[in-house]
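One file, model14.txt, is given below (compact mmCIF, N, CA, C and O atoms).
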# COMPACT_ATOMS: atom_id res chain seq x y z
N MET W 962 -10.90 50.87 56.41
CA MET W 962 -11.04 49.51 56.88
C MET W 962 -9.89 49.22 57.83
O MET W 962 -8.74 49.42 57.50
N SER W 963 -10.17 48.75 59.00
CA SER W 963 -9.12 48.47 59.97
C SER W 963 -8.45 47.15 59.64
O SER W 963 -8.97 46.32 58.89
N GLU W 964 -7.28 46.94 60.22
CA GLU W 964 -6.54 45.70 59.95
C GLU W 964 -7.27 44.47 60.48
O GLU W 964 -7.02 43.37 60.05
N LEU W 965 -8.19 44.66 61.42
CA LEU W 965 -8.91 43.53 62.00
C LEU W 965 -10.11 43.11 61.17
O LEU W 965 -10.64 42.02 61.36
N ASP W 966 -10.57 43.96 60.26
CA ASP W 966 -11.70 43.61 59.40
C ASP W 966 -11.25 42.57 58.38
O ASP W 966 -10.24 42.74 57.71
N ARG W 967 -12.00 41.52 58.27
CA ARG W 967 -11.68 40.45 57.33
C ARG W 967 -12.85 40.26 56.37
O ARG W 967 -14.01 40.42 56.75
N ALA W 968 -12.52 39.87 55.16
CA ALA W 968 -13.55 39.60 54.17
C ALA W 968 -14.24 38.28 54.53
O ALA W 968 -13.60 37.34 54.99
N GLY W 969 -15.53 38.21 54.28
CA GLY W 969 -16.29 37.00 54.54
C GLY W 969 -16.06 35.95 53.48
O GLY W 969 -15.40 36.19 52.46
N LEU W 970 -16.61 34.78 53.71
CA LEU W 970 -16.42 33.66 52.79
C LEU W 970 -16.93 33.97 51.40
O LEU W 970 -16.24 33.72 50.40
N LEU W 971 -18.13 34.52 51.28
CA LEU W 971 -18.70 34.81 49.97
C LEU W 971 -17.84 35.80 49.20
O LEU W 971 -17.58 35.61 48.01
N LEU W 972 -17.35 36.82 49.87
CA LEU W 972 -16.50 37.81 49.21
C LEU W 972 -15.19 37.19 48.75
O LEU W 972 -14.70 37.48 47.65
N ARG W 973 -14.64 36.30 49.53
CA ARG W 973 -13.40 35.62 49.15
C ARG W 973 -13.63 34.69 47.96
O ARG W 973 -12.79 34.60 47.07
N VAL W 974 -14.75 33.99 47.94
CA VAL W 974 -15.06 33.10 46.82
C VAL W 974 -15.24 33.92 45.53
O VAL W 974 -14.70 33.56 44.48
N LEU W 975 -15.99 35.01 45.62
CA LEU W 975 -16.18 35.87 44.45
C LEU W 975 -14.85 36.45 43.96
O LEU W 975 -14.62 36.55 42.75
N ALA W 976 -13.97 36.81 44.88
CA ALA W 976 -12.66 37.33 44.50
C ALA W 976 -11.84 36.25 43.79
O ALA W 976 -11.16 36.53 42.80
N GLY W 977 -11.91 35.04 44.27
CA GLY W 977 -11.21 33.93 43.62
C GLY W 977 -11.74 33.66 42.23
O GLY W 977 -10.97 33.39 41.30
N VAL W 978 -13.05 33.74 42.06
CA VAL W 978 -13.66 33.55 40.74
C VAL W 978 -13.21 34.66 39.80
O VAL W 978 -12.84 34.41 38.64
N LEU W 979 -13.20 35.90 40.27
CA LEU W 979 -12.75 37.02 39.45
C LEU W 979 -11.30 36.84 39.03
O LEU W 979 -10.96 37.02 37.86
N ASP W 980 -10.43 36.43 39.94
CA ASP W 980 -9.03 36.18 39.60
C ASP W 980 -8.92 35.09 38.53
O ASP W 980 -8.14 35.21 37.59
N SER W 981 -9.69 34.02 38.68
CA SER W 981 -9.65 32.94 37.70
C SER W 981 -10.10 33.40 36.32
O SER W 981 -9.47 33.06 35.31
N VAL W 982 -11.16 34.19 36.27
CA VAL W 982 -11.67 34.68 34.99
C VAL W 982 -10.64 35.59 34.32
O VAL W 982 -10.43 35.54 33.11
N ILE W 983 -9.95 36.40 35.12
CA ILE W 983 -8.93 37.31 34.58
C ILE W 983 -7.81 36.53 33.91
O ILE W 983 -7.27 36.96 32.89
N VAL W 984 -7.47 35.38 34.42
CA VAL W 984 -6.39 34.58 33.85
C VAL W 984 -6.91 33.64 32.77
O VAL W 984 -6.30 33.48 31.71
N ILE W 985 -8.05 33.00 32.99
CA ILE W 985 -8.56 32.00 32.05
C ILE W 985 -8.98 32.61 30.71
O ILE W 985 -8.72 32.03 29.66
N THR W 986 -9.61 33.76 30.72
CA THR W 986 -10.13 34.35 29.49
C THR W 986 -9.04 34.60 28.45
O THR W 986 -9.17 34.15 27.30
N PRO W 987 -7.95 35.29 28.78
CA PRO W 987 -6.90 35.48 27.76
C PRO W 987 -6.27 34.17 27.30
O PRO W 987 -5.99 34.01 26.11
N ILE W 988 -6.06 33.23 28.22
CA ILE W 988 -5.47 31.95 27.83
C ILE W 988 -6.40 31.21 26.88
O ILE W 988 -5.97 30.65 25.87
N ALA W 989 -7.69 31.20 27.19
CA ALA W 989 -8.67 30.52 26.33
C ALA W 989 -8.71 31.15 24.95
O ALA W 989 -8.78 30.45 23.93
N LEU W 990 -8.67 32.48 24.87
CA LEU W 990 -8.69 33.15 23.57
C LEU W 990 -7.43 32.84 22.76
O LEU W 990 -7.50 32.62 21.55
N ILE W 991 -6.28 32.81 23.41
CA ILE W 991 -5.04 32.48 22.70
C ILE W 991 -5.10 31.05 22.16
O ILE W 991 -4.77 30.79 21.00
N ILE W 992 -5.56 30.12 22.99
CA ILE W 992 -5.66 28.72 22.54
C ILE W 992 -6.67 28.61 21.40
O ILE W 992 -6.44 27.88 20.43
N LEU W 993 -7.76 29.33 21.47
CA LEU W 993 -8.76 29.30 20.40
C LEU W 993 -8.17 29.80 19.09
O LEU W 993 -8.36 29.19 18.04
N PHE W 994 -7.42 30.90 19.14
CA PHE W 994 -6.83 31.44 17.91
C PHE W 994 -5.72 30.56 17.36
O PHE W 994 -5.56 30.43 16.15
N VAL W 995 -4.95 29.91 18.23
CA VAL W 995 -3.84 29.07 17.78
C VAL W 995 -4.32 27.73 17.26
O VAL W 995 -3.89 27.28 16.19
N THR W 996 -5.22 27.07 17.99
CA THR W 996 -5.64 25.73 17.60
C THR W 996 -6.93 25.70 16.81
O THR W 996 -7.22 24.72 16.14
N GLY W 997 -7.74 26.74 16.93
CA GLY W 997 -9.03 26.74 16.26
C GLY W 997 -10.08 25.91 16.98
O GLY W 997 -11.17 25.72 16.50
N ASP W 998 -9.73 25.41 18.16
CA ASP W 998 -10.64 24.57 18.92
C ASP W 998 -10.68 25.07 20.36
O ASP W 998 -9.66 25.42 20.95
N PHE W 999 -11.87 25.11 20.92
CA PHE W 999 -12.01 25.51 22.32
C PHE W 999 -12.36 24.29 23.14
O PHE W 999 -13.40 23.67 22.95
N SER W 1000 -11.47 23.93 24.03
CA SER W 1000 -11.67 22.76 24.87
C SER W 1000 -11.27 23.10 26.30
O SER W 1000 -10.34 23.86 26.53
N LEU W 1001 -11.96 22.54 27.27
CA LEU W 1001 -11.62 22.78 28.67
C LEU W 1001 -10.52 21.86 29.17
O LEU W 1001 -10.07 21.99 30.29
N GLN W 1002 -10.07 20.92 28.38
CA GLN W 1002 -9.03 19.99 28.81
C GLN W 1002 -7.71 20.70 29.10
O GLN W 1002 -6.95 20.27 29.95
N TRP W 1003 -7.44 21.79 28.44
CA TRP W 1003 -6.18 22.51 28.64
C TRP W 1003 -6.07 23.10 30.03
O TRP W 1003 -4.98 23.38 30.51
N THR W 1004 -7.19 23.27 30.74
CA THR W 1004 -7.14 23.88 32.07
C THR W 1004 -6.45 22.97 33.09
O THR W 1004 -6.09 23.43 34.16
N GLN W 1005 -6.28 21.72 32.75
CA GLN W 1005 -5.65 20.79 33.68
C GLN W 1005 -4.15 20.68 33.46
O GLN W 1005 -3.48 19.95 34.16
N GLY W 1006 -3.61 21.42 32.50
CA GLY W 1006 -2.21 21.27 32.17
C GLY W 1006 -1.37 22.49 32.45
O GLY W 1006 -1.79 23.46 33.09
N VAL W 1007 -0.17 22.43 31.94
CA VAL W 1007 0.82 23.47 32.15
C VAL W 1007 0.40 24.78 31.50
O VAL W 1007 0.71 25.86 32.02
N ILE W 1008 -0.34 24.72 30.42
CA ILE W 1008 -0.75 25.93 29.70
C ILE W 1008 -1.58 26.83 30.61
O ILE W 1008 -1.52 28.05 30.51
N PHE W 1009 -2.32 26.27 31.51
CA PHE W 1009 -3.10 27.07 32.46
C PHE W 1009 -2.31 27.37 33.73
O PHE W 1009 -2.32 28.48 34.25
N THR W 1010 -1.61 26.38 34.25
CA THR W 1010 -0.97 26.50 35.55
C THR W 1010 0.14 27.55 35.58
O THR W 1010 0.20 28.35 36.52
N ILE W 1011 0.99 27.57 34.59
CA ILE W 1011 2.11 28.52 34.60
C ILE W 1011 1.64 29.97 34.56
O ILE W 1011 2.06 30.76 35.40
N PRO W 1012 0.76 30.37 33.63
CA PRO W 1012 0.31 31.77 33.66
C PRO W 1012 -0.44 32.13 34.95
O PRO W 1012 -0.29 33.25 35.46
N TYR W 1013 -1.20 31.20 35.51
CA TYR W 1013 -1.93 31.50 36.74
C TYR W 1013 -0.96 31.70 37.91
O TYR W 1013 -1.12 32.62 38.71
N LEU W 1014 0.05 30.86 38.00
CA LEU W 1014 1.06 31.02 39.05
C LEU W 1014 1.85 32.32 38.87
O LEU W 1014 2.17 33.00 39.84
N LEU W 1015 2.16 32.65 37.63
CA LEU W 1015 2.85 33.92 37.36
C LEU W 1015 1.98 35.10 37.77
O LEU W 1015 2.46 36.06 38.37
N TYR W 1016 0.70 35.02 37.47
CA TYR W 1016 -0.24 36.08 37.87
C TYR W 1016 -0.27 36.23 39.38
O TYR W 1016 -0.21 37.33 39.91
N LEU W 1017 -0.36 35.10 40.09
CA LEU W 1017 -0.44 35.14 41.55
C LEU W 1017 0.89 35.54 42.20
O LEU W 1017 0.92 35.87 43.38
N THR W 1018 1.98 35.52 41.43
CA THR W 1018 3.28 35.93 41.95
C THR W 1018 3.62 37.36 41.58
O THR W 1018 4.06 38.15 42.42
N ILE W 1019 3.41 37.73 40.33
CA ILE W 1019 3.84 39.03 39.83
C ILE W 1019 2.91 40.16 40.26
O ILE W 1019 3.37 41.21 40.71
N VAL W 1020 1.61 39.98 40.13
CA VAL W 1020 0.67 41.06 40.46
C VAL W 1020 0.79 41.49 41.92
O VAL W 1020 0.89 42.69 42.18
N PRO W 1021 0.83 40.58 42.90
CA PRO W 1021 0.99 41.05 44.28
C PRO W 1021 2.33 41.76 44.53
O PRO W 1021 2.42 42.64 45.38
N THR W 1022 3.36 41.38 43.79
CA THR W 1022 4.66 42.02 43.95
C THR W 1022 4.57 43.50 43.60
O THR W 1022 5.15 44.35 44.27
N PHE W 1023 3.85 43.81 42.55
CA PHE W 1023 3.76 45.20 42.09
C PHE W 1023 2.58 45.95 42.68
O PHE W 1023 2.49 47.16 42.54
N TRP W 1024 1.64 45.23 43.32
CA TRP W 1024 0.42 45.89 43.80
C TRP W 1024 0.27 45.77 45.32
O TRP W 1024 -0.83 45.62 45.83
N GLY W 1025 1.36 45.78 46.02
CA GLY W 1025 1.34 45.82 47.47
C GLY W 1025 0.76 44.60 48.15
O GLY W 1025 0.13 44.71 49.20
N GLY W 1026 0.93 43.42 47.58
CA GLY W 1026 0.45 42.20 48.21
C GLY W 1026 -0.94 41.77 47.80
O GLY W 1026 -1.45 40.77 48.30
N TYR W 1027 -1.56 42.51 46.90
CA TYR W 1027 -2.93 42.18 46.47
C TYR W 1027 -2.94 41.69 45.02
O TYR W 1027 -2.08 42.03 44.24
N VAL W 1028 -3.95 40.89 44.69
CA VAL W 1028 -4.27 40.58 43.30
C VAL W 1028 -5.57 41.29 42.98
O VAL W 1028 -6.23 41.81 43.86
N ILE W 1029 -5.94 41.32 41.74
CA ILE W 1029 -7.08 42.13 41.32
C ILE W 1029 -8.36 41.75 42.05
O ILE W 1029 -9.07 42.60 42.58
N GLY W 1030 -8.68 40.49 42.14
CA GLY W 1030 -9.90 40.06 42.82
C GLY W 1030 -9.88 40.25 44.31
O GLY W 1030 -10.90 40.45 44.95
N LYS W 1031 -8.70 40.24 44.90
CA LYS W 1031 -8.57 40.38 46.34
C LYS W 1031 -7.86 41.70 46.67
O LYS W 1031 -6.92 41.73 47.44
N GLY W 1032 -8.34 42.76 46.07
CA GLY W 1032 -7.74 44.08 46.25
C GLY W 1032 -7.93 44.63 47.65
O GLY W 1032 -8.56 44.00 48.49
N PRO W 1033 -7.43 45.82 47.89
CA PRO W 1033 -7.48 46.40 49.23
C PRO W 1033 -8.90 46.71 49.72
O PRO W 1033 -9.09 46.93 50.90
N LEU W 1034 -9.89 46.70 48.85
CA LEU W 1034 -11.25 47.02 49.27
C LEU W 1034 -12.05 45.80 49.68
O LEU W 1034 -13.15 45.92 50.17
N THR W 1035 -11.51 44.58 49.46
CA THR W 1035 -12.25 43.37 49.83
C THR W 1035 -11.98 42.95 51.23
O THR W 1035 -11.00 43.21 51.81

Now that the file is in, can you turn its structure into structure tokens?
Amino acid sequence: MSELDRAGLLLRVLAGVLDSVIVITPIALIILFVTGDFSLQWTQGVIFTIPYLLYLTIVPTFWGGYVIGKGPLT
């Protein structure tokens, strides 16, 4: 893939959804086990924001500027 090739809108949206699922699923499972209740209200708070920001900061640092959903093949 040349440096001029860019991913289209649909591919970028799907990559964003994949990244969100990768972060949301473990957080949701931890909250379910700790509180015994599954609610989507936690996604608006710090419990979701901090791990997601850490994911978007740490993974590209170790993976050459890419995150899992937006890897070198997209």

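Between atom C of Trp1024 (chain W) and atom C of Ile988 (chain W) the separation is 24.4 Å.
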
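Relative to CA of Phe994 (chain W), CA of Ser981 (chain W) is found at 20.0 Å.
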
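For the pair atom O of Gly1030 (chain W) and atom C of Leu971 (chain W), the interatomic distance is 9.4 Å.
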
Once you've located region 967-991 of chain W in the structure I gave, write it as a compact mmCIF listing (two decimals), in the first residue's frame, keeping N, CA and C atoms.
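Saved the output as result.txt:
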# COMPACT_ATOMS: atom_id res chain seq x y z
N ARG W 967 -5.43 6.03 0.93
CA ARG W 967 -6.14 6.35 2.17
C ARG W 967 -7.35 5.46 2.32
N ALA W 968 -7.67 5.15 3.56
CA ALA W 968 -8.85 4.34 3.83
C ALA W 968 -10.10 5.19 3.58
N GLY W 969 -11.14 4.58 3.08
CA GLY W 969 -12.40 5.27 2.84
C GLY W 969 -13.18 5.47 4.12
N LEU W 970 -14.26 6.20 4.01
CA LEU W 970 -15.08 6.53 5.18
C LEU W 970 -15.61 5.29 5.86
N LEU W 971 -16.16 4.35 5.11
CA LEU W 971 -16.73 3.14 5.71
C LEU W 971 -15.68 2.35 6.47
N LEU W 972 -14.50 2.22 5.90
CA LEU W 972 -13.42 1.49 6.56
C LEU W 972 -13.00 2.19 7.84
N ARG W 973 -12.96 3.50 7.83
CA ARG W 973 -12.59 4.25 9.03
C ARG W 973 -13.66 4.12 10.12
N VAL W 974 -14.92 4.14 9.72
CA VAL W 974 -16.01 3.98 10.69
C VAL W 974 -15.95 2.59 11.32
N LEU W 975 -15.77 1.57 10.49
CA LEU W 975 -15.67 0.20 11.02
C LEU W 975 -14.47 0.05 11.94
N ALA W 976 -13.36 0.69 11.61
CA ALA W 976 -12.17 0.64 12.47
C ALA W 976 -12.45 1.31 13.81
N GLY W 977 -13.16 2.42 13.79
CA GLY W 977 -13.52 3.10 15.03
C GLY W 977 -14.44 2.26 15.89
N VAL W 978 -15.38 1.58 15.26
CA VAL W 978 -16.29 0.69 16.00
C VAL W 978 -15.50 -0.46 16.62
N LEU W 979 -14.58 -1.05 15.87
CA LEU W 979 -13.75 -2.13 16.40
C LEU W 979 -12.93 -1.66 17.59
N ASP W 980 -12.32 -0.49 17.49
CA ASP W 980 -11.56 0.06 18.62
C ASP W 980 -12.45 0.24 19.84
N SER W 981 -13.66 0.76 19.64
CA SER W 981 -14.57 0.97 20.76
C SER W 981 -14.96 -0.34 21.43
N VAL W 982 -15.24 -1.36 20.62
CA VAL W 982 -15.63 -2.67 21.16
C VAL W 982 -14.47 -3.27 21.96
N ILE W 983 -13.25 -3.09 21.48
CA ILE W 983 -12.08 -3.63 22.17
C ILE W 983 -11.94 -3.02 23.55
N VAL W 984 -12.29 -1.77 23.71
CA VAL W 984 -12.17 -1.11 25.01
C VAL W 984 -13.43 -1.29 25.85
N ILE W 985 -14.60 -1.18 25.25
CA ILE W 985 -15.85 -1.23 26.00
C ILE W 985 -16.12 -2.61 26.61
N THR W 986 -15.84 -3.67 25.88
CA THR W 986 -16.16 -5.02 26.35
C THR W 986 -15.48 -5.36 27.68
N PRO W 987 -14.16 -5.20 27.81
CA PRO W 987 -13.55 -5.51 29.11
C PRO W 987 -14.05 -4.61 30.24
N ILE W 988 -14.25 -3.32 29.95
CA ILE W 988 -14.75 -2.41 30.98
C ILE W 988 -16.14 -2.83 31.42
N ALA W 989 -17.00 -3.17 30.47
CA ALA W 989 -18.37 -3.59 30.81
C ALA W 989 -18.35 -4.86 31.65
N LEU W 990 -17.50 -5.81 31.31
CA LEU W 990 -17.42 -7.05 32.08
C LEU W 990 -16.92 -6.80 33.50
N ILE W 991 -15.94 -5.93 33.65
CA ILE W 991 -15.44 -5.60 34.99
C ILE W 991 -16.53 -4.94 35.82
